[in-house]
file coords06.json (JSON, N, CA and C atoms)
[["chain", "number", "residue", "atom", "x", "y", "z"],
["I", 167, "MET", "N", -31.66, 36.47, 11.62],
["I", 167, "MET", "CA", -31.42, 36.55, 10.19],
["I", 167, "MET", "C", -32.48, 35.71, 9.48],
["I", 168, "GLN", "N", -33.12, 36.29, 8.50],
["I", 168, "GLN", "CA", -34.18, 35.63, 7.74],
["I", 168, "GLN", "C", -33.59, 34.69, 6.69],
["I", 169, "TYR", "N", -34.40, 33.76, 6.21],
["I", 169, "TYR", "CA", -33.95, 32.77, 5.23],
["I", 169, "TYR", "C", -33.36, 33.44, 3.99],
["I", 170, "GLY", "N", -34.01, 34.47, 3.47],
["I", 170, "GLY", "CA", -33.51, 35.16, 2.28],
["I", 170, "GLY", "C", -32.15, 35.78, 2.52],
["I", 171, "GLU", "N", -31.93, 36.31, 3.71],
["I", 171, "GLU", "CA", -30.63, 36.90, 4.05],
["I", 171, "GLU", "C", -29.55, 35.83, 4.14],
["I", 172, "ILE", "N", -29.90, 34.69, 4.72],
["I", 172, "ILE", "CA", -28.95, 33.58, 4.83],
["I", 172, "ILE", "C", -28.57, 33.08, 3.45],
["I", 173, "LYS", "N", -29.57, 32.94, 2.58],
["I", 173, "LYS", "CA", -29.32, 32.47, 1.22],
["I", 173, "LYS", "C", -28.40, 33.44, 0.47],
["I", 174, "GLN", "N", -28.63, 34.72, 0.62],
["I", 174, "GLN", "CA", -27.80, 35.74, -0.03],
["I", 174, "GLN", "C", -26.38, 35.70, 0.52],
["I", 175, "LEU", "N", -26.24, 35.54, 1.83],
["I", 175, "LEU", "CA", -24.91, 35.45, 2.44],
["I", 175, "LEU", "C", -24.17, 34.22, 1.93],
["I", 176, "ALA", "N", -24.85, 33.09, 1.85],
["I", 176, "ALA", "CA", -24.23, 31.86, 1.35],
["I", 176, "ALA", "C", -23.77, 32.05, -0.08],
["I", 177, "ARG", "N", -24.59, 32.68, -0.90],
["I", 177, "ARG", "CA", -24.22, 32.94, -2.29],
["I", 177, "ARG", "C", -22.98, 33.83, -2.36],
["I", 178, "SER", "N", -22.94, 34.84, -1.54],
["I", 178, "SER", "CA", -21.81, 35.76, -1.49],
["I", 178, "SER", "C", -20.53, 35.03, -1.07],
["I", 179, "LEU", "N", -20.63, 34.17, -0.08],
["I", 179, "LEU", "CA", -19.47, 33.41, 0.39],
["I", 179, "LEU", "C", -18.96, 32.45, -0.69],
["I", 180, "ARG", "N", -19.88, 31.85, -1.44],
["I", 180, "ARG", "CA", -19.47, 30.93, -2.52],
["I", 180, "ARG", "C", -18.71, 31.68, -3.61],
["I", 181, "GLN", "N", -19.04, 32.93, -3.82],
["I", 181, "GLN", "CA", -18.39, 33.71, -4.87],
["I", 181, "GLN", "C", -17.00, 34.21, -4.46],
["I", 182, "SER", "N", -16.67, 34.11, -3.18],
["I", 182, "SER", "CA", -15.37, 34.60, -2.73],
["I", 182, "SER", "C", -14.59, 33.51, -1.99],
["I", 183, "MET", "N", -14.64, 32.29, -2.51],
["I", 183, "MET", "CA", -13.96, 31.17, -1.87],
["I", 183, "MET", "C", -12.45, 31.28, -2.03],
["I", 184, "THR", "N", -11.75, 30.71, -1.05],
["I", 184, "THR", "CA", -10.30, 30.62, -1.13],
["I", 184, "THR", "C", -9.92, 29.53, -2.14],
["I", 185, "ARG", "N", -8.67, 29.51, -2.51],
["I", 185, "ARG", "CA", -8.18, 28.49, -3.44],
["I", 185, "ARG", "C", -8.43, 27.09, -2.88],
["I", 186, "GLU", "N", -8.19, 26.91, -1.58],
["I", 186, "GLU", "CA", -8.38, 25.61, -0.94],
["I", 186, "GLU", "C", -9.85, 25.20, -0.93],
["I", 187, "GLU", "N", -10.72, 26.16, -0.67],
["I", 187, "GLU", "CA", -12.17, 25.87, -0.67],
["I", 187, "GLU", "C", -12.62, 25.45, -2.07],
["I", 188, "LYS", "N", -12.14, 26.14, -3.08],
["I", 188, "LYS", "CA", -12.50, 25.78, -4.46],
["I", 188, "LYS", "C", -12.03, 24.37, -4.77],
["I", 189, "LEU", "N", -10.83, 24.02, -4.33],
["I", 189, "LEU", "CA", -10.31, 22.67, -4.57],
["I", 189, "LEU", "C", -11.18, 21.63, -3.87],
["I", 190, "MET", "N", -11.55, 21.89, -2.62],
["I", 190, "MET", "CA", -12.37, 20.91, -1.91],
["I", 190, "MET", "C", -13.71, 20.70, -2.59],
["I", 191, "TRP", "N", -14.39, 21.78, -2.98],
["I", 191, "TRP", "CA", -15.68, 21.63, -3.63],
["I", 191, "TRP", "C", -15.54, 21.00, -5.00],
["I", 192, "PHE", "N", -14.41, 21.23, -5.68],
["I", 192, "PHE", "CA", -14.17, 20.56, -6.96],
["I", 192, "PHE", "C", -14.13, 19.04, -6.74],
["I", 193, "ILE", "N", -13.48, 18.62, -5.67],
["I", 193, "ILE", "CA", -13.37, 17.19, -5.36],
["I", 193, "ILE", "C", -14.73, 16.61, -4.95],
["I", 194, "LEU", "N", -15.53, 17.36, -4.20],
["I", 194, "LEU", "CA", -16.81, 16.84, -3.71],
["I", 194, "LEU", "C", -17.91, 16.87, -4.76],
["I", 195, "ARG", "N", -17.79, 17.73, -5.74],
["I", 195, "ARG", "CA", -18.84, 17.95, -6.73],
["I", 195, "ARG", "C", -18.92, 16.82, -7.76],
["I", 196, "ASN", "N", -20.07, 16.59, -8.29],
["I", 196, "ASN", "CA", -20.31, 15.68, -9.43],
["I", 196, "ASN", "C", -19.82, 14.25, -9.21],
["I", 197, "ARG", "N", -20.08, 13.72, -8.04],
["I", 197, "ARG", "CA", -19.79, 12.31, -7.73],
["I", 197, "ARG", "C", -18.31, 11.94, -7.85],
["I", 198, "LYS", "N", -17.42, 12.90, -7.67],
["I", 198, "LYS", "CA", -15.99, 12.61, -7.74],
["I", 198, "LYS", "C", -15.46, 12.01, -6.44],
["I", 199, "PHE", "N", -16.21, 12.14, -5.37],
["I", 199, "PHE", "CA", -15.78, 11.61, -4.08],
["I", 199, "PHE", "C", -16.66, 10.42, -3.72],
["I", 200, "LYS", "N", -16.08, 9.26, -3.70],
["I", 200, "LYS", "CA", -16.78, 8.02, -3.35],
["I", 200, "LYS", "C", -17.96, 7.71, -4.26],
["I", 201, "GLY", "N", -17.99, 8.33, -5.44],
["I", 201, "GLY", "CA", -19.07, 8.08, -6.38],
["I", 201, "GLY", "C", -20.42, 8.61, -5.93],
["I", 202, "GLU", "N", -20.42, 9.43, -4.89],
["I", 202, "GLU", "CA", -21.68, 9.93, -4.35],
["I", 202, "GLU", "C", -21.84, 11.42, -4.64],
["I", 203, "LYS", "N", -23.06, 11.81, -4.85],
["I", 203, "LYS", "CA", -23.36, 13.23, -4.99],
["I", 203, "LYS", "C", -23.35, 13.82, -3.59],
["I", 204, "PHE", "N", -22.52, 14.82, -3.39],
["I", 204, "PHE", "CA", -22.46, 15.42, -2.06],
["I", 204, "PHE", "C", -23.69, 16.28, -1.87],
["I", 205, "ASN", "N", -24.48, 15.88, -0.90],
["I", 205, "ASN", "CA", -25.72, 16.58, -0.60],
["I", 205, "ASN", "C", -25.91, 16.52, 0.90],
["I", 206, "ARG", "N", -25.91, 17.68, 1.53],
["I", 206, "ARG", "CA", -25.98, 17.70, 3.00],
["I", 206, "ARG", "C", -27.24, 17.01, 3.51],
["I", 207, "HIS", "N", -28.34, 17.08, 2.74],
["I", 207, "HIS", "CA", -29.58, 16.48, 3.23],
["I", 207, "HIS", "C", -29.48, 14.97, 3.24],
["I", 208, "GLU", "N", -28.86, 14.41, 2.22],
["I", 208, "GLU", "CA", -28.74, 12.96, 2.13],
["I", 208, "GLU", "C", -27.87, 12.41, 3.26],
["I", 209, "HIS", "N", -26.79, 13.09, 3.57],
["I", 209, "HIS", "CA", -25.85, 12.62, 4.58],
["I", 209, "HIS", "C", -26.01, 13.33, 5.92],
["I", 210, "LYS", "N", -26.95, 14.26, 5.97],
["I", 210, "LYS", "CA", -27.20, 15.03, 7.20],
["I", 210, "LYS", "C", -25.92, 15.67, 7.71],
["I", 211, "LEU", "N", -25.17, 16.25, 6.77],
["I", 211, "LEU", "CA", -23.87, 16.82, 7.09],
["I", 211, "LEU", "C", -23.77, 18.26, 6.60],
["I", 212, "ILE", "N", -23.35, 19.12, 7.51],
["I", 212, "ILE", "CA", -23.07, 20.52, 7.18],
["I", 212, "ILE", "C", -21.56, 20.67, 7.27],
["I", 213, "LEU", "N", -20.95, 21.08, 6.17],
["I", 213, "LEU", "CA", -19.51, 21.35, 6.18],
["I", 213, "LEU", "C", -19.31, 22.84, 6.43],
["I", 214, "GLU", "N", -18.54, 23.16, 7.43],
["I", 214, "GLU", "CA", -18.20, 24.54, 7.75],
["I", 214, "GLU", "C", -16.71, 24.70, 7.51],
["I", 215, "LEU", "N", -16.35, 25.51, 6.55],
["I", 215, "LEU", "CA", -14.95, 25.80, 6.28],
["I", 215, "LEU", "C", -14.62, 27.10, 6.98],
["I", 216, "ASN", "N", -13.75, 27.02, 7.96],
["I", 216, "ASN", "CA", -13.52, 28.14, 8.85],
["I", 216, "ASN", "C", -12.17, 28.81, 8.63],
["I", 217, "GLY", "N", -12.23, 30.10, 8.41],
["I", 217, "GLY", "CA", -11.03, 30.92, 8.35],
["I", 217, "GLY", "C", -10.75, 31.53, 9.71],
["I", 218, "LYS", "N", -9.83, 32.48, 9.74],
["I", 218, "LYS", "CA", -9.41, 33.11, 10.99],
["I", 218, "LYS", "C", -10.55, 33.78, 11.74],
["I", 219, "ILE", "N", -11.54, 34.30, 11.02],
["I", 219, "ILE", "CA", -12.64, 35.02, 11.66],
["I", 219, "ILE", "C", -13.34, 34.17, 12.72],
["I", 220, "HIS", "N", -13.33, 32.86, 12.53],
["I", 220, "HIS", "CA", -14.01, 31.97, 13.45],
["I", 220, "HIS", "C", -13.31, 31.88, 14.80],
["I", 221, "ASP", "N", -12.04, 32.33, 14.86],
["I", 221, "ASP", "CA", -11.35, 32.39, 16.15],
["I", 221, "ASP", "C", -12.01, 33.41, 17.07],
["I", 222, "TYR", "N", -12.72, 34.37, 16.49],
["I", 222, "TYR", "CA", -13.32, 35.46, 17.25],
["I", 222, "TYR", "C", -14.84, 35.34, 17.40],
["I", 223, "GLN", "N", -15.42, 34.29, 16.87],
["I", 223, "GLN", "CA", -16.87, 34.13, 16.97],
["I", 223, "GLN", "C", -17.25, 32.73, 17.43],
["I", 224, "LYS", "N", -16.50, 32.22, 18.38],
["I", 224, "LYS", "CA", -16.71, 30.84, 18.84],
["I", 224, "LYS", "C", -18.10, 30.65, 19.46],
["I", 225, "GLU", "N", -18.58, 31.63, 20.20],
["I", 225, "GLU", "CA", -19.91, 31.51, 20.81],
["I", 225, "GLU", "C", -20.99, 31.45, 19.74],
["I", 226, "HIS", "N", -20.86, 32.29, 18.72],
["I", 226, "HIS", "CA", -21.81, 32.29, 17.59],
["I", 226, "HIS", "C", -21.81, 30.93, 16.90],
["I", 227, "ASP", "N", -20.62, 30.40, 16.63],
["I", 227, "ASP", "CA", -20.50, 29.09, 15.98],
["I", 227, "ASP", "C", -21.10, 27.98, 16.84],
["I", 228, "LYS", "N", -20.85, 28.07, 18.15],
["I", 228, "LYS", "CA", -21.39, 27.07, 19.08],
["I", 228, "LYS", "C", -22.92, 27.06, 19.04],
["I", 229, "ASN", "N", -23.51, 28.25, 19.01],
["I", 229, "ASN", "CA", -24.98, 28.35, 18.94],
["I", 229, "ASN", "C", -25.51, 27.79, 17.63],
["I", 230, "ARG", "N", -24.86, 28.09, 16.51],
["I", 230, "ARG", "CA", -25.28, 27.57, 15.21],
["I", 230, "ARG", "C", -25.18, 26.04, 15.20],
["I", 231, "ASP", "N", -24.09, 25.52, 15.74],
["I", 231, "ASP", "CA", -23.91, 24.06, 15.79],
["I", 231, "ASP", "C", -25.03, 23.41, 16.60],
["I", 232, "MET", "N", -25.41, 24.05, 17.69],
["I", 232, "MET", "CA", -26.47, 23.51, 18.54],
["I", 232, "MET", "C", -27.80, 23.48, 17.78],
["I", 233, "ILE", "N", -28.09, 24.52, 17.02],
["I", 233, "ILE", "CA", -29.32, 24.55, 16.23],
["I", 233, "ILE", "C", -29.30, 23.43, 15.19],
["I", 234, "MET", "N", -28.18, 23.26, 14.51],
["I", 234, "MET", "CA", -28.08, 22.21, 13.48],
["I", 234, "MET", "C", -28.22, 20.83, 14.11],
["I", 235, "THR", "N", -27.61, 20.63, 15.26],
["I", 235, "THR", "CA", -27.70, 19.35, 15.95],
["I", 235, "THR", "C", -29.14, 19.05, 16.35],
["I", 236, "GLU", "N", -29.86, 20.08, 16.79],
["I", 236, "GLU", "CA", -31.27, 19.89, 17.14],
["I", 236, "GLU", "C", -32.10, 19.49, 15.93],
["I", 237, "LYS", "N", -31.65, 19.82, 14.74],
["I", 237, "LYS", "CA", -32.33, 19.45, 13.50],
["I", 237, "LYS", "C", -31.79, 18.13, 12.94],
["I", 238, "SER", "N", -31.07, 17.39, 13.78],
["I", 238, "SER", "CA", -30.48, 16.09, 13.43],
["I", 238, "SER", "C", -29.46, 16.19, 12.30],
["I", 239, "LEU", "N", -28.77, 17.32, 12.23],
["I", 239, "LEU", "CA", -27.70, 17.49, 11.25],
["I", 239, "LEU", "C", -26.36, 17.44, 11.97],
["I", 240, "ASN", "N", -25.36, 16.89, 11.30],
["I", 240, "ASN", "CA", -24.00, 16.86, 11.83],
["I", 240, "ASN", "C", -23.24, 18.04, 11.27],
["I", 241, "VAL", "N", -22.45, 18.70, 12.10],
["I", 241, "VAL", "CA", -21.65, 19.83, 11.66],
["I", 241, "VAL", "C", -20.19, 19.41, 11.73],
["I", 242, "LEU", "N", -19.51, 19.50, 10.60],
["I", 242, "LEU", "CA", -18.09, 19.20, 10.54],
["I", 242, "LEU", "C", -17.37, 20.51, 10.22],
["I", 243, "ARG", "N", -16.62, 21.01, 11.19],
["I", 243, "ARG", "CA", -15.86, 22.25, 11.01],
["I", 243, "ARG", "C", -14.45, 21.90, 10.56],
["I", 244, "ILE", "N", -14.05, 22.50, 9.48],
["I", 244, "ILE", "CA", -12.72, 22.28, 8.92],
["I", 244, "ILE", "C", -12.05, 23.63, 8.82],
["I", 245, "ARG", "N", -10.90, 23.76, 9.46],
["I", 245, "ARG", "CA", -10.15, 25.01, 9.40],
["I", 245, "ARG", "C", -9.45, 25.11, 8.05],
["I", 246, "ASN", "N", -9.35, 26.32, 7.54],
["I", 246, "ASN", "CA", -8.71, 26.52, 6.24],
["I", 246, "ASN", "C", -7.32, 25.90, 6.19],
["I", 247, "GLN", "N", -6.57, 25.96, 7.30],
["I", 247, "GLN", "CA", -5.23, 25.38, 7.33],
["I", 247, "GLN", "C", -5.25, 23.87, 7.09],
["I", 248, "GLU", "N", -6.33, 23.22, 7.49],
["I", 248, "GLU", "CA", -6.44, 21.77, 7.30],
["I", 248, "GLU", "C", -6.57, 21.40, 5.82],
["I", 249, "LEU", "N", -7.04, 22.33, 5.00],
["I", 249, "LEU", "CA", -7.27, 22.05, 3.59],
["I", 249, "LEU", "C", -5.97, 21.82, 2.82],
["I", 250, "THR", "N", -4.84, 22.10, 3.44],
["I", 250, "THR", "CA", -3.56, 21.81, 2.79],
["I", 250, "THR", "C", -3.29, 20.31, 2.79],
["I", 251, "ASN", "N", -3.97, 19.56, 3.66],
["I", 251, "ASN", "CA", -3.87, 18.10, 3.68],
["I", 251, "ASN", "C", -5.24, 17.53, 3.30],
["I", 252, "MET", "N", -5.53, 17.56, 2.01],
["I", 252, "MET", "CA", -6.86, 17.19, 1.53],
["I", 252, "MET", "C", -7.21, 15.74, 1.86],
["I", 253, "THR", "N", -6.23, 14.86, 1.88],
["I", 253, "THR", "CA", -6.49, 13.45, 2.21],
["I", 253, "THR", "C", -7.08, 13.34, 3.62],
["I", 254, "SER", "N", -6.52, 14.06, 4.55],
["I", 254, "SER", "CA", -7.01, 14.05, 5.93],
["I", 254, "SER", "C", -8.44, 14.60, 6.00],
["I", 255, "VAL", "N", -8.69, 15.69, 5.29],
["I", 255, "VAL", "CA", -10.01, 16.30, 5.27],
["I", 255, "VAL", "C", -11.03, 15.33, 4.68],
["I", 256, "LEU", "N", -10.69, 14.69, 3.56],
["I", 256, "LEU", "CA", -11.61, 13.75, 2.92],
["I", 256, "LEU", "C", -11.88, 12.55, 3.81],
["I", 257, "ASN", "N", -10.88, 12.13, 4.59],
["I", 257, "ASN", "CA", -11.11, 11.03, 5.53],
["I", 257, "ASN", "C", -12.11, 11.43, 6.60],
["I", 258, "LYS", "N", -12.05, 12.68, 7.06],
["I", 258, "LYS", "CA", -13.04, 13.17, 8.04],
["I", 258, "LYS", "C", -14.44, 13.17, 7.44],
["I", 259, "ILE", "N", -14.55, 13.62, 6.21],
["I", 259, "ILE", "CA", -15.85, 13.69, 5.53],
["I", 259, "ILE", "C", -16.39, 12.28, 5.30],
["I", 260, "GLU", "N", -15.51, 11.37, 4.91],
["I", 260, "GLU", "CA", -15.92, 9.98, 4.61],
["I", 260, "GLU", "C", -16.59, 9.33, 5.81],
["I", 261, "PHE", "N", -16.23, 9.71, 7.00],
["I", 261, "PHE", "CA", -16.83, 9.16, 8.22],
["I", 261, "PHE", "C", -18.35, 9.27, 8.18],
["I", 262, "TYR", "N", -18.88, 10.31, 7.52],
["I", 262, "TYR", "CA", -20.32, 10.56, 7.50],
["I", 262, "TYR", "C", -21.03, 9.86, 6.34],
["I", 263, "PHE", "N", -20.29, 9.20, 5.45],
["I", 263, "PHE", "CA", -20.89, 8.54, 4.29],
["I", 263, "PHE", "C", -21.23, 7.10, 4.61]]
call {"tool": "encode", "arguments": {"input": "coords06.json", "output": "structure tokens"}}
result
Amino acid sequence: MQYGEIKQLARSLRQSMTREEKLMWFILRNRKFKGEKFNRHEHKLILELNGKIHDYQKEHDKNRDMIMTEKSLNVLRIRNQELTNMTSVLNKIEFYF
């Protein structure tokens, strides 16, 4: 997949977020979390919000995680079900700050 395709896919996914995903990004956006601007480059953190589809693509996810790790990025996978306990999710994210 080329960079332009990845960028288009990411844009598409952002436009069809679940209610929980919207809530999480609302909390992370504009320095509302720990007074910091959430920026994956600054914290070397990739947040992956995973729905049911990820139960069927574990090998694909494992390969992506390996590529990100080779680029010195941390991948934090959060299942959609976990987003019902936002405090727990934010504690996981805080570990990387």
call {"tool": "residues_around", "arguments": {"input": "coords06.json", "residues": "range 215-231 of chain I", "least_positions_apart": "2", "cutoff": "7 Å", "atoms": "only C-alpha atoms", "output": "JSON, numbers by chain"}}
result
{"I": [213, 233, 234, 235, 241, 243, 244, 245, 246]}
call {"tool": "residues_around", "arguments": {"input": "coords06.json", "residues": "range 201-210 of chain I", "least_positions_apart": "4", "cutoff": "7 Å", "atoms": "all atoms listed in the file", "output": "VMD selection string"}}
result
chain I and resid 194 to 197 238 to 241 262 to 263
call {"tool": "atom_distance", "arguments": {"input": "coords06.json", "atom1": "CA of Ala176 in chain I", "atom2": "atom C of Gln247 in chain I"}}
result
21.4 Å
call {"tool": "select_by_dssp", "arguments": {"input": "coords06.json", "residues": "range 176-210 of chain I", "states": "helix (DSSP H, G or I)", "output": "PDB file with N, CA and C atoms, in the frame of the given file"}}
result
ATOM      1  N   ALA I 176     -24.850  33.090   1.850  1.00  0.00           N
ATOM      2  CA  ALA I 176     -24.230  31.860   1.350  1.00  0.00           C
ATOM      3  C   ALA I 176     -23.770  32.050  -0.080  1.00  0.00           C
ATOM      4  N   ARG I 177     -24.590  32.680  -0.900  1.00  0.00           N
ATOM      5  CA  ARG I 177     -24.220  32.940  -2.290  1.00  0.00           C
ATOM      6  C   ARG I 177     -22.980  33.830  -2.360  1.00  0.00           C
ATOM      7  N   SER I 178     -22.940  34.840  -1.540  1.00  0.00           N
ATOM      8  CA  SER I 178     -21.810  35.760  -1.490  1.00  0.00           C
ATOM      9  C   SER I 178     -20.530  35.030  -1.070  1.00  0.00           C
ATOM     10  N   LEU I 179     -20.630  34.170  -0.080  1.00  0.00           N
ATOM     11  CA  LEU I 179     -19.470  33.410   0.390  1.00  0.00           C
ATOM     12  C   LEU I 179     -18.960  32.450  -0.690  1.00  0.00           C
ATOM     13  N   ARG I 180     -19.880  31.850  -1.440  1.00  0.00           N
ATOM     14  CA  ARG I 180     -19.470  30.930  -2.520  1.00  0.00           C
ATOM     15  C   ARG I 180     -18.710  31.680  -3.610  1.00  0.00           C
ATOM     16  N   GLN I 181     -19.040  32.930  -3.820  1.00  0.00           N
ATOM     17  CA  GLN I 181     -18.390  33.710  -4.870  1.00  0.00           C
ATOM     18  C   GLN I 181     -17.000  34.210  -4.460  1.00  0.00           C
ATOM     19  N   ARG I 185      -8.670  29.510  -2.510  1.00  0.00           N
ATOM     20  CA  ARG I 185      -8.180  28.490  -3.440  1.00  0.00           C
ATOM     21  C   ARG I 185      -8.430  27.090  -2.880  1.00  0.00           C
ATOM     22  N   GLU I 186      -8.190  26.910  -1.580  1.00  0.00           N
ATOM     23  CA  GLU I 186      -8.380  25.610  -0.940  1.00  0.00           C
ATOM     24  C   GLU I 186      -9.850  25.200  -0.930  1.00  0.00           C
ATOM     25  N   GLU I 187     -10.720  26.160  -0.670  1.00  0.00           N
ATOM     26  CA  GLU I 187     -12.170  25.870  -0.670  1.00  0.00           C
ATOM     27  C   GLU I 187     -12.620  25.450  -2.070  1.00  0.00           C
ATOM     28  N   LYS I 188     -12.140  26.140  -3.080  1.00  0.00           N
ATOM     29  CA  LYS I 188     -12.500  25.780  -4.460  1.00  0.00           C
ATOM     30  C   LYS I 188     -12.030  24.370  -4.770  1.00  0.00           C
ATOM     31  N   LEU I 189     -10.830  24.020  -4.330  1.00  0.00           N
ATOM     32  CA  LEU I 189     -10.310  22.670  -4.570  1.00  0.00           C
ATOM     33  C   LEU I 189     -11.180  21.630  -3.870  1.00  0.00           C
ATOM     34  N   MET I 190     -11.550  21.890  -2.620  1.00  0.00           N
ATOM     35  CA  MET I 190     -12.370  20.910  -1.910  1.00  0.00           C
ATOM     36  C   MET I 190     -13.710  20.700  -2.590  1.00  0.00           C
ATOM     37  N   TRP I 191     -14.390  21.780  -2.980  1.00  0.00           N
ATOM     38  CA  TRP I 191     -15.680  21.630  -3.630  1.00  0.00           C
ATOM     39  C   TRP I 191     -15.540  21.000  -5.000  1.00  0.00           C
ATOM     40  N   PHE I 192     -14.410  21.230  -5.680  1.00  0.00           N
ATOM     41  CA  PHE I 192     -14.170  20.560  -6.960  1.00  0.00           C
ATOM     42  C   PHE I 192     -14.130  19.040  -6.740  1.00  0.00           C
ATOM     43  N   ILE I 193     -13.480  18.620  -5.670  1.00  0.00           N
ATOM     44  CA  ILE I 193     -13.370  17.190  -5.360  1.00  0.00           C
ATOM     45  C   ILE I 193     -14.730  16.610  -4.950  1.00  0.00           C
ATOM     46  N   LEU I 194     -15.530  17.360  -4.200  1.00  0.00           N
ATOM     47  CA  LEU I 194     -16.810  16.840  -3.710  1.00  0.00           C
ATOM     48  C   LEU I 194     -17.910  16.870  -4.760  1.00  0.00           C
ATOM     49  N   ARG I 195     -17.790  17.730  -5.740  1.00  0.00           N
ATOM     50  CA  ARG I 195     -18.840  17.950  -6.730  1.00  0.00           C
ATOM     51  C   ARG I 195     -18.920  16.820  -7.760  1.00  0.00           C
ATOM     52  N   ASN I 196     -20.070  16.590  -8.290  1.00  0.00           N
ATOM     53  CA  ASN I 196     -20.310  15.680  -9.430  1.00  0.00           C
ATOM     54  C   ASN I 196     -19.820  14.250  -9.210  1.00  0.00           C
ATOM     55  N   ARG I 197     -20.080  13.720  -8.040  1.00  0.00           N
ATOM     56  CA  ARG I 197     -19.790  12.310  -7.730  1.00  0.00           C
ATOM     57  C   ARG I 197     -18.310  11.940  -7.850  1.00  0.00           C
ATOM     58  N   ARG I 206     -25.910  17.680   1.530  1.00  0.00           N
ATOM     59  CA  ARG I 206     -25.980  17.700   3.000  1.00  0.00           C
ATOM     60  C   ARG I 206     -27.240  17.010   3.510  1.00  0.00           C
ATOM     61  N   HIS I 207     -28.340  17.080   2.740  1.00  0.00           N
ATOM     62  CA  HIS I 207     -29.580  16.480   3.230  1.00  0.00           C
ATOM     63  C   HIS I 207     -29.480  14.970   3.240  1.00  0.00           C
ATOM     64  N   GLU I 208     -28.860  14.410   2.220  1.00  0.00           N
ATOM     65  CA  GLU I 208     -28.740  12.960   2.130  1.00  0.00           C
ATOM     66  C   GLU I 208     -27.870  12.410   3.260  1.00  0.00           C
ATOM     67  N   HIS I 209     -26.790  13.090   3.570  1.00  0.00           N
ATOM     68  CA  HIS I 209     -25.850  12.620   4.580  1.00  0.00           C
ATOM     69  C   HIS I 209     -26.010  13.330   5.920  1.00  0.00           C
TER      70      HIS I 209
END
call {"tool": "atom_distance", "arguments": {"input": "coords06.json", "atom1": "CA of Thr253 in chain I", "atom2": "CA of Ser178 in chain I"}}
result
27.3 Å
call {"tool": "atom_distance", "arguments": {"input": "coords06.json", "atom1": "CA of Glu171 in chain I", "atom2": "CA of Ile212 in chain I"}}
result
18.3 Å
call {"tool": "closest_residue", "arguments": {"input": "coords06.json", "among": "I:Thr184, I:Leu242, I:Gly170, I:Ile193", "to": "Lys258 in chain I", "atoms": "only C-alpha atoms"}}
result
I:Leu242
call {"tool": "select_by_dssp", "arguments": {"input": "coords06.json", "residues": "chain I", "states": "strand (DSSP E or B)", "output": "number ranges by chain"}}
result
I: 199, 202, 211-216, 240-245
call {"tool": "write_last_selection", "arguments": {"input": "coords06.json", "atoms": "N, CA and C atoms", "output": "PDB file, in the coordinates of the input"}}
result
ATOM      1  N   PHE I 199     -16.210  12.140  -5.370  1.00  0.00           N
ATOM      2  CA  PHE I 199     -15.780  11.610  -4.080  1.00  0.00           C
ATOM      3  C   PHE I 199     -16.660  10.420  -3.720  1.00  0.00           C
ATOM      4  N   GLU I 202     -20.420   9.430  -4.890  1.00  0.00           N
ATOM      5  CA  GLU I 202     -21.680   9.930  -4.350  1.00  0.00           C
ATOM      6  C   GLU I 202     -21.840  11.420  -4.640  1.00  0.00           C
ATOM      7  N   LEU I 211     -25.170  16.250   6.770  1.00  0.00           N
ATOM      8  CA  LEU I 211     -23.870  16.820   7.090  1.00  0.00           C
ATOM      9  C   LEU I 211     -23.770  18.260   6.600  1.00  0.00           C
ATOM     10  N   ILE I 212     -23.350  19.120   7.510  1.00  0.00           N
ATOM     11  CA  ILE I 212     -23.070  20.520   7.180  1.00  0.00           C
ATOM     12  C   ILE I 212     -21.560  20.670   7.270  1.00  0.00           C
ATOM     13  N   LEU I 213     -20.950  21.080   6.170  1.00  0.00           N
ATOM     14  CA  LEU I 213     -19.510  21.350   6.180  1.00  0.00           C
ATOM     15  C   LEU I 213     -19.310  22.840   6.430  1.00  0.00           C
ATOM     16  N   GLU I 214     -18.540  23.160   7.430  1.00  0.00           N
ATOM     17  CA  GLU I 214     -18.200  24.540   7.750  1.00  0.00           C
ATOM     18  C   GLU I 214     -16.710  24.700   7.510  1.00  0.00           C
ATOM     19  N   LEU I 215     -16.350  25.510   6.550  1.00  0.00           N
ATOM     20  CA  LEU I 215     -14.950  25.800   6.280  1.00  0.00           C
ATOM     21  C   LEU I 215     -14.620  27.100   6.980  1.00  0.00           C
ATOM     22  N   ASN I 216     -13.750  27.020   7.960  1.00  0.00           N
ATOM     23  CA  ASN I 216     -13.520  28.140   8.850  1.00  0.00           C
ATOM     24  C   ASN I 216     -12.170  28.810   8.630  1.00  0.00           C
ATOM     25  N   ASN I 240     -25.360  16.890  11.300  1.00  0.00           N
ATOM     26  CA  ASN I 240     -24.000  16.860  11.830  1.00  0.00           C
ATOM     27  C   ASN I 240     -23.240  18.040  11.270  1.00  0.00           C
ATOM     28  N   VAL I 241     -22.450  18.700  12.100  1.00  0.00           N
ATOM     29  CA  VAL I 241     -21.650  19.830  11.660  1.00  0.00           C
ATOM     30  C   VAL I 241     -20.190  19.410  11.730  1.00  0.00           C
ATOM     31  N   LEU I 242     -19.510  19.500  10.600  1.00  0.00           N
ATOM     32  CA  LEU I 242     -18.090  19.200  10.540  1.00  0.00           C
ATOM     33  C   LEU I 242     -17.370  20.510  10.220  1.00  0.00           C
ATOM     34  N   ARG I 243     -16.620  21.010  11.190  1.00  0.00           N
ATOM     35  CA  ARG I 243     -15.860  22.250  11.010  1.00  0.00           C
ATOM     36  C   ARG I 243     -14.450  21.900  10.560  1.00  0.00           C
ATOM     37  N   ILE I 244     -14.050  22.500   9.480  1.00  0.00           N
ATOM     38  CA  ILE I 244     -12.720  22.280   8.920  1.00  0.00           C
ATOM     39  C   ILE I 244     -12.050  23.630   8.820  1.00  0.00           C
ATOM     40  N   ARG I 245     -10.900  23.760   9.460  1.00  0.00           N
ATOM     41  CA  ARG I 245     -10.150  25.010   9.400  1.00  0.00           C
ATOM     42  C   ARG I 245      -9.450  25.110   8.050  1.00  0.00           C
TER      43      ARG I 245
END
call {"tool": "residues_around", "arguments": {"input": "coords06.json", "residues": "Phe192 in chain I", "least_positions_apart": "5", "cutoff": "12 Å", "atoms": "only C-alpha atoms", "output": "JSON, numbers by chain"}}
result
{"I": [183, 185, 186, 187, 197, 198, 199, 203, 204, 252]}
